[in-house]
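**Q** Below: one structure in structure tokens.
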Amino acid sequence: MSPSACERPIGVFDSGVGGLTVVRALMERLPLESIVYFGDTARVPYGVKSVATIEHFTGQITEFLLQCEVKMLIIACNTMAAVAADVVRRLACEVPVLDVIEAGARAAVASSSSRRIGVIGTPTTINSNAYARRMHELDPSLRVYSQACPLFVPLVEEGWLDHPVTRLTAQEYLRPVLAEEIDSLVLGCTHYPLLKPLLRDVAGPGVRMIDSALTTAEFAAERLQREGLLADGSRRADYRYVVTDVPLRFQTIGERFLGRSLGVVERVDW
Ligand code: DGL
């Protein structure tokens, strides 16, 4: 690629605002990089939709971001990564594609000494078995215990990050995986990093939290370096946020995920 390719943005996408946890990690790890974020806020949640529908939506978003001339694509949504990563890779051709499942699976395998790992995510992510499959490819001796947690997404969007209802829900969901004496828990959904303090409390000190937002940012840094695509700082990093709807309380929720002000948000009409 030409030198100017380095100054192109990274395309990051998710079913809604949750992928901003990945953007936040990228901004911290790679402050010179420009980012175009796409959140399909009109059609969220994806985690309870069929594979065919998710593949179709994912293809549309990929094409949009490729038109923005991104130098790398990051699938920030665990549900899309679980069932539609092939669609993205097929459309992206030579543009590198990273996803939260690859990053999270690698980090979990590296972190676990007991070889007993828990994974939590949306029903579609857990039913796809994508995390367990990838971790078994990396280490066939692993034991993986998975649990769908469908109530976590609405609880996080409500802002109930440390609420008794969320705590009880977490105790209920985590009971079966904790009974398997896991030493690492993969937070396999964009929304779960916001629950990290509460989940740490419920799981106890013996369980390490694997936050795929952080590991994805680390992976992106390595890959950009390897491909000679790191921004050189000759231009200021530019952040663009594109969504399909601007729902009620979007700004508040988005800023909670991003940890800073969102600025201008563009809406595409599909
Ligand atoms: N972004 C989704 C994920 O990481 C959670 C929200 C949804 O269900 O669309 O799985």
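For the structure tokens, the naming scheme is as follows: chains receive sequential letters (A, B, ...) according to their order of presentation, residues are indexed from 1 within each chain, and ligands are indexed from 1 in presentation order.
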Apply DSSP to the backbone of this structure and, from region 11-207 of chain A, keep only the residues in alpha helix (DSSP H); write these as an NGL selection string.
**A** :A and (20-29 or 51-67 or 78-92 or 100-111 or 123-128 or 130-138 or 152-157 or 164-178 or 196-203)
**Q** Using only C-alpha atoms, which residues sit within 9 Å of Pro123 (chain A) once same-chain residues fewer than 4 positions away are excluded, as a PyMOL selection string?
**A** chain A and resi 47-48+79+127-128+147-150
**Q** To check your reading of the model: which residues sit at most 8 Å from ligand 1 when counting only C-alpha atoms and all ligand atoms? Write the answer as a VMD selection string.
**A** chain A and resid 14 to 19 44 to 48 76 to 80 121 to 122 124 to 125 153 188 to 191
**Q** Which residue out of A:Ala130, A:Ile10, A:Ile117, A:Leu194 has the minimum interatomic distance to Leu178 (chain A) when only C-alpha atoms are used?
**A** A:Ile117
**Q** Which polymer residues have any atom within 12 Å of an atom of Asp245 (chain A), counting only C-alpha atoms, with same-chain residues fewer than 2 positions away left out, as a ChimeraX atom specification?
**A** /A:15-17,38-44,241-243,247-251,265-270
**Q** Those same residues, written as a JSON list (two decimals), in the first residue's frame with N, CA, C and O atoms?
**A**
```
[["chain", "number", "residue", "atom", "x", "y", "z"],
["A", 15, "SER", "N", -23.29, -3.86, 16.49],
["A", 15, "SER", "CA", -24.74, -3.80, 16.32],
["A", 15, "SER", "C", -25.33, -2.51, 16.91],
["A", 15, "SER", "O", -26.45, -2.14, 16.58],
["A", 16, "GLY", "N", -24.60, -1.84, 17.79],
["A", 16, "GLY", "CA", -25.15, -0.62, 18.41],
["A", 16, "GLY", "C", -24.04, 0.22, 19.01],
["A", 16, "GLY", "O", -23.03, 0.46, 18.35],
["A", 17, "VAL", "N", -24.24, 0.63, 20.25],
["A", 17, "VAL", "CA", -23.23, 1.48, 20.91],
["A", 17, "VAL", "C", -22.15, 0.68, 21.63],
["A", 17, "VAL", "O", -21.09, 1.21, 21.95],
["A", 38, "PHE", "N", -19.08, 2.42, 13.18],
["A", 38, "PHE", "CA", -20.43, 2.24, 12.68],
["A", 38, "PHE", "C", -21.24, 1.42, 13.69],
["A", 38, "PHE", "O", -20.86, 0.30, 14.05],
["A", 39, "GLY", "N", -22.37, 1.97, 14.15],
["A", 39, "GLY", "CA", -23.25, 1.25, 15.08],
["A", 39, "GLY", "C", -24.64, 1.14, 14.46],
["A", 39, "GLY", "O", -25.26, 2.15, 14.13],
["A", 40, "ASP", "N", -25.11, -0.08, 14.34],
["A", 40, "ASP", "CA", -26.42, -0.29, 13.69],
["A", 40, "ASP", "C", -27.55, -0.14, 14.71],
["A", 40, "ASP", "O", -28.32, -1.07, 14.98],
["A", 41, "THR", "N", -27.64, 1.06, 15.28],
["A", 41, "THR", "CA", -28.56, 1.32, 16.39],
["A", 41, "THR", "C", -30.04, 1.15, 16.03],
["A", 41, "THR", "O", -30.87, 0.97, 16.92],
["A", 42, "ALA", "N", -30.36, 1.19, 14.74],
["A", 42, "ALA", "CA", -31.77, 1.01, 14.35],
["A", 42, "ALA", "C", -32.19, -0.46, 14.44],
["A", 42, "ALA", "O", -33.37, -0.77, 14.58],
["A", 43, "ARG", "N", -31.19, -1.37, 14.36],
["A", 43, "ARG", "CA", -31.55, -2.80, 14.28],
["A", 43, "ARG", "C", -31.02, -3.62, 15.45],
["A", 43, "ARG", "O", -31.20, -4.84, 15.48],
["A", 44, "VAL", "N", -30.34, -2.95, 16.40],
["A", 44, "VAL", "CA", -29.87, -3.63, 17.60],
["A", 44, "VAL", "C", -31.09, -4.14, 18.39],
["A", 44, "VAL", "O", -32.14, -3.48, 18.33],
["A", 241, "TYR", "N", -18.38, 9.00, 13.96],
["A", 241, "TYR", "CA", -19.36, 8.04, 14.49],
["A", 241, "TYR", "C", -20.57, 8.03, 13.58],
["A", 241, "TYR", "O", -21.19, 9.07, 13.38],
["A", 242, "VAL", "N", -20.89, 6.86, 13.03],
["A", 242, "VAL", "CA", -22.01, 6.75, 12.11],
["A", 242, "VAL", "C", -22.99, 5.73, 12.69],
["A", 242, "VAL", "O", -22.57, 4.63, 13.09],
["A", 243, "VAL", "N", -24.26, 6.08, 12.74],
["A", 243, "VAL", "CA", -25.28, 5.16, 13.27],
["A", 243, "VAL", "C", -26.49, 5.13, 12.34],
["A", 243, "VAL", "O", -26.62, 5.98, 11.46],
["A", 247, "PRO", "N", -31.33, 6.87, 18.93],
["A", 247, "PRO", "CA", -32.41, 6.63, 19.89],
["A", 247, "PRO", "C", -32.31, 7.52, 21.12],
["A", 247, "PRO", "O", -31.29, 8.16, 21.36],
["A", 248, "LEU", "N", -33.38, 7.49, 21.87],
["A", 248, "LEU", "CA", -33.46, 8.22, 23.13],
["A", 248, "LEU", "C", -32.27, 7.86, 24.01],
["A", 248, "LEU", "O", -31.88, 6.70, 24.09],
["A", 249, "ARG", "N", -31.66, 8.80, 24.64],
["A", 249, "ARG", "CA", -30.55, 8.61, 25.57],
["A", 249, "ARG", "C", -29.28, 8.07, 24.89],
["A", 249, "ARG", "O", -28.37, 7.57, 25.54],
["A", 250, "PHE", "N", -29.26, 8.17, 23.55],
["A", 250, "PHE", "CA", -28.11, 7.64, 22.82],
["A", 250, "PHE", "C", -26.79, 8.27, 23.30],
["A", 250, "PHE", "O", -25.80, 7.58, 23.54],
["A", 251, "GLN", "N", -26.83, 9.63, 23.44],
["A", 251, "GLN", "CA", -25.62, 10.35, 23.83],
["A", 251, "GLN", "C", -25.09, 9.86, 25.19],
["A", 251, "GLN", "O", -23.93, 9.56, 25.33],
["A", 265, "VAL", "N", -22.50, 13.02, 15.82],
["A", 265, "VAL", "CA", -22.87, 11.66, 15.41],
["A", 265, "VAL", "C", -23.64, 11.78, 14.10],
["A", 265, "VAL", "O", -24.61, 12.54, 14.00],
["A", 266, "GLU", "N", -23.21, 11.03, 13.06],
["A", 266, "GLU", "CA", -23.90, 11.08, 11.76],
["A", 266, "GLU", "C", -24.90, 9.93, 11.70],
["A", 266, "GLU", "O", -24.64, 8.85, 12.22],
["A", 267, "ARG", "N", -26.00, 10.18, 10.99],
["A", 267, "ARG", "CA", -26.98, 9.11, 10.83],
["A", 267, "ARG", "C", -27.10, 8.76, 9.35],
["A", 267, "ARG", "O", -27.24, 9.67, 8.52],
["A", 268, "VAL", "N", -27.01, 7.46, 9.02],
["A", 268, "VAL", "CA", -27.24, 7.07, 7.62],
["A", 268, "VAL", "C", -28.67, 6.57, 7.51],
["A", 268, "VAL", "O", -29.20, 5.96, 8.44],
["A", 269, "ASP", "N", -29.25, 6.79, 6.37],
["A", 269, "ASP", "CA", -30.64, 6.40, 6.15],
["A", 269, "ASP", "C", -30.64, 5.17, 5.24],
["A", 269, "ASP", "O", -30.38, 5.29, 4.06],
["A", 270, "TRP", "N", -30.91, 3.99, 5.80],
["A", 270, "TRP", "CA", -30.93, 2.77, 4.97],
["A", 270, "TRP", "C", -32.34, 2.35, 4.71],
["A", 270, "TRP", "O", -33.18, 2.39, 5.56]]
```
**Q** Quick one: pull the distance between CA of Val88 (chain A) and CA of Val51 (chain A), Å, one decimal.
**A**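 Separating CA of Val88 (chain A) from CA of Val51 (chain A) is a distance of 13.9 Å.
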**Q** Pick from A:Met135, A:Met72, A:Leu185, A:Leu258: nearest to Val97 (chain A), with only C-alpha atoms counted?
**A**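 With only C-alpha atoms as the atom set, the closest residue is A:Met72.
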**Q** For the atom pair CA of Gly104 (chain A) and CA of Leu214 (chain A), what is the interatomic distance in Å to one decimal place?
**A** 8.9 Å
**Q** Could you tell me which of A:Ser113, A:Thr244, A:Ser261, A:Thr252 comes closest to Phe64 (chain A) if we count only C-alpha atoms?
**A** A:Thr244
**Q** Separation of CA of Glu137 (chain A) and CA of Ala217 (chain A), in Å?
**A**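 Here the two named atoms are 22.3 Å from each other.
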**Q** Hey, what does DSSP flag as strand (DSSP E) within region 45-267 of chain A? Can you give it to me as a PyMOL selection string?
**A** chain A and resi 72-75+97-99+116-121+143-148+184-188+208-211+239-243+265-267
**Q** For N, CA, C and O atoms, I'd like the residues from the last selection saved as a tab-separated table (two decimals), in the first residue's frame.
**A**
```tsv
chain	number	residue	atom	x	y	z
A	72	MET	N	-8.17	-1.01	7.89
A	72	MET	CA	-8.36	-2.24	8.67
A	72	MET	C	-9.80	-2.27	9.15
A	72	MET	O	-10.39	-1.21	9.40
A	73	LEU	N	-10.36	-3.47	9.25
A	73	LEU	CA	-11.73	-3.60	9.77
A	73	LEU	C	-11.67	-4.35	11.10
A	73	LEU	O	-11.00	-5.38	11.20
A	74	ILE	N	-12.39	-3.84	12.09
A	74	ILE	CA	-12.45	-4.55	13.38
A	74	ILE	C	-13.90	-4.86	13.70
A	74	ILE	O	-14.73	-3.95	13.83
A	75	ILE	N	-14.20	-6.15	13.81
A	75	ILE	CA	-15.56	-6.56	14.18
A	75	ILE	C	-15.61	-6.50	15.70
A	75	ILE	O	-15.10	-7.37	16.41
A	97	VAL	N	-8.72	-7.94	8.56
A	97	VAL	CA	-9.93	-7.99	9.40
A	97	VAL	C	-9.56	-8.60	10.75
A	97	VAL	O	-8.99	-9.68	10.80
A	98	LEU	N	-9.87	-7.90	11.83
A	98	LEU	CA	-9.68	-8.46	13.17
A	98	LEU	C	-11.03	-8.60	13.83
A	98	LEU	O	-11.96	-7.88	13.50
A	99	ASP	N	-11.12	-9.54	14.78
A	99	ASP	CA	-12.40	-9.64	15.48
A	99	ASP	C	-12.18	-9.96	16.95
A	99	ASP	O	-11.13	-10.49	17.32
A	116	ARG	N	-9.28	-24.43	32.58
A	116	ARG	CA	-10.74	-24.43	32.73
A	116	ARG	C	-11.21	-22.98	32.58
A	116	ARG	O	-10.90	-22.13	33.41
A	117	ILE	N	-11.94	-22.73	31.47
A	117	ILE	CA	-12.28	-21.35	31.11
A	117	ILE	C	-13.79	-21.19	30.96
A	117	ILE	O	-14.45	-22.05	30.37
A	118	GLY	N	-14.33	-20.11	31.48
A	118	GLY	CA	-15.75	-19.79	31.29
A	118	GLY	C	-15.91	-18.75	30.19
A	118	GLY	O	-15.04	-17.91	29.99
A	119	VAL	N	-17.03	-18.82	29.47
A	119	VAL	CA	-17.33	-17.81	28.45
A	119	VAL	C	-18.77	-17.36	28.66
A	119	VAL	O	-19.68	-18.21	28.78
A	120	ILE	N	-18.99	-16.05	28.69
A	120	ILE	CA	-20.35	-15.54	28.74
A	120	ILE	C	-20.59	-14.64	27.53
A	120	ILE	O	-19.67	-13.99	27.04
A	121	GLY	N	-21.84	-14.65	27.01
A	121	GLY	CA	-22.14	-13.85	25.83
A	121	GLY	C	-23.64	-13.84	25.55
A	121	GLY	O	-24.44	-14.33	26.36
A	143	ARG	N	-10.89	-27.11	28.90
A	143	ARG	CA	-12.31	-27.32	29.19
A	143	ARG	C	-12.97	-25.94	29.12
A	143	ARG	O	-12.50	-25.02	29.80
A	144	VAL	N	-14.02	-25.80	28.30
A	144	VAL	CA	-14.68	-24.50	28.16
A	144	VAL	C	-16.14	-24.63	28.61
A	144	VAL	O	-16.86	-25.54	28.17
A	145	TYR	N	-16.55	-23.74	29.51
A	145	TYR	CA	-17.91	-23.76	30.04
A	145	TYR	C	-18.61	-22.46	29.63
A	145	TYR	O	-18.14	-21.38	30.00
A	146	SER	N	-19.69	-22.56	28.85
A	146	SER	CA	-20.31	-21.37	28.28
A	146	SER	C	-21.68	-21.10	28.88
A	146	SER	O	-22.41	-22.04	29.24
A	147	GLN	N	-22.01	-19.83	28.96
A	147	GLN	CA	-23.31	-19.43	29.54
A	147	GLN	C	-23.85	-18.19	28.82
A	147	GLN	O	-23.17	-17.16	28.77
A	148	ALA	N	-25.05	-18.30	28.27
A	148	ALA	CA	-25.70	-17.13	27.67
A	148	ALA	C	-26.25	-16.25	28.78
A	148	ALA	O	-26.81	-16.75	29.76
A	184	SER	N	-10.51	-18.41	34.49
A	184	SER	CA	-10.60	-17.24	33.60
A	184	SER	C	-12.02	-17.18	33.06
A	184	SER	O	-12.63	-18.21	32.76
A	185	LEU	N	-12.52	-15.96	32.92
A	185	LEU	CA	-13.87	-15.78	32.39
A	185	LEU	C	-13.81	-14.79	31.22
A	185	LEU	O	-13.40	-13.64	31.39
A	186	VAL	N	-14.21	-15.27	30.03
A	186	VAL	CA	-14.18	-14.40	28.85
A	186	VAL	C	-15.46	-13.57	28.82
A	186	VAL	O	-16.57	-14.12	28.81
A	187	LEU	N	-15.30	-12.25	28.79
A	187	LEU	CA	-16.45	-11.35	28.69
A	187	LEU	C	-16.79	-11.22	27.22
A	187	LEU	O	-16.34	-10.30	26.53
A	188	GLY	N	-17.58	-12.18	26.72
A	188	GLY	CA	-17.79	-12.32	25.27
A	188	GLY	C	-18.92	-11.48	24.70
A	188	GLY	O	-19.72	-11.98	23.90
A	208	ARG	N	-9.86	-14.71	36.62
A	208	ARG	CA	-9.38	-13.56	35.84
A	208	ARG	C	-10.41	-13.18	34.78
A	208	ARG	O	-10.97	-14.06	34.12
A	209	MET	N	-10.66	-11.87	34.63
A	209	MET	CA	-11.63	-11.40	33.62
A	209	MET	C	-10.90	-11.14	32.30
A	209	MET	O	-9.92	-10.37	32.29
A	210	ILE	N	-11.35	-11.77	31.24
A	210	ILE	CA	-10.72	-11.54	29.93
A	210	ILE	C	-11.59	-10.56	29.15
A	210	ILE	O	-12.71	-10.89	28.73
A	211	ASP	N	-11.07	-9.36	28.99
A	211	ASP	CA	-11.82	-8.27	28.36
A	211	ASP	C	-11.37	-8.20	26.90
A	211	ASP	O	-10.25	-7.77	26.60
A	239	TYR	N	-12.03	11.20	14.63
A	239	TYR	CA	-13.01	10.17	15.00
A	239	TYR	C	-14.36	10.50	14.40
A	239	TYR	O	-14.86	11.61	14.54
A	240	ARG	N	-14.93	9.50	13.72
A	240	ARG	CA	-16.23	9.69	13.07
A	240	ARG	C	-17.17	8.61	13.61
A	240	ARG	O	-16.79	7.44	13.68
A	241	TYR	N	-18.38	9.00	13.96
A	241	TYR	CA	-19.36	8.04	14.49
A	241	TYR	C	-20.57	8.03	13.58
A	241	TYR	O	-21.19	9.07	13.38
A	242	VAL	N	-20.89	6.86	13.03
A	242	VAL	CA	-22.01	6.75	12.11
A	242	VAL	C	-22.99	5.73	12.69
A	242	VAL	O	-22.57	4.63	13.09
A	243	VAL	N	-24.26	6.08	12.74
A	243	VAL	CA	-25.28	5.16	13.27
A	243	VAL	C	-26.49	5.13	12.34
A	243	VAL	O	-26.62	5.98	11.46
A	265	VAL	N	-22.50	13.02	15.82
A	265	VAL	CA	-22.87	11.66	15.41
A	265	VAL	C	-23.64	11.78	14.10
A	265	VAL	O	-24.61	12.54	14.00
A	266	GLU	N	-23.21	11.03	13.06
A	266	GLU	CA	-23.90	11.08	11.76
A	266	GLU	C	-24.90	9.93	11.70
A	266	GLU	O	-24.64	8.85	12.22
A	267	ARG	N	-26.00	10.18	10.99
A	267	ARG	CA	-26.98	9.11	10.83
A	267	ARG	C	-27.10	8.76	9.35
A	267	ARG	O	-27.24	9.67	8.52
```
**Q** Hey, what's within 10 Å of Ala221 (chain A) if we count only C-alpha atoms and toss same-chain stuff fewer than 5 positions away? As a list in words, please?
**A**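 Answer for this query is Leu26, Arg29, Leu30, Glu33, Thr215, Thr216, Arg226, Leu229 and Leu230 of chain A.
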**Q** Counting only C-alpha atoms, what is within 8 Å of Leu195 (chain A), bar same-chain residues fewer than 5 positions away, as a list in words?
**A**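 So, after excluding close chain neighbours, the residues are Val156, Leu161 and Asp162 of chain A.
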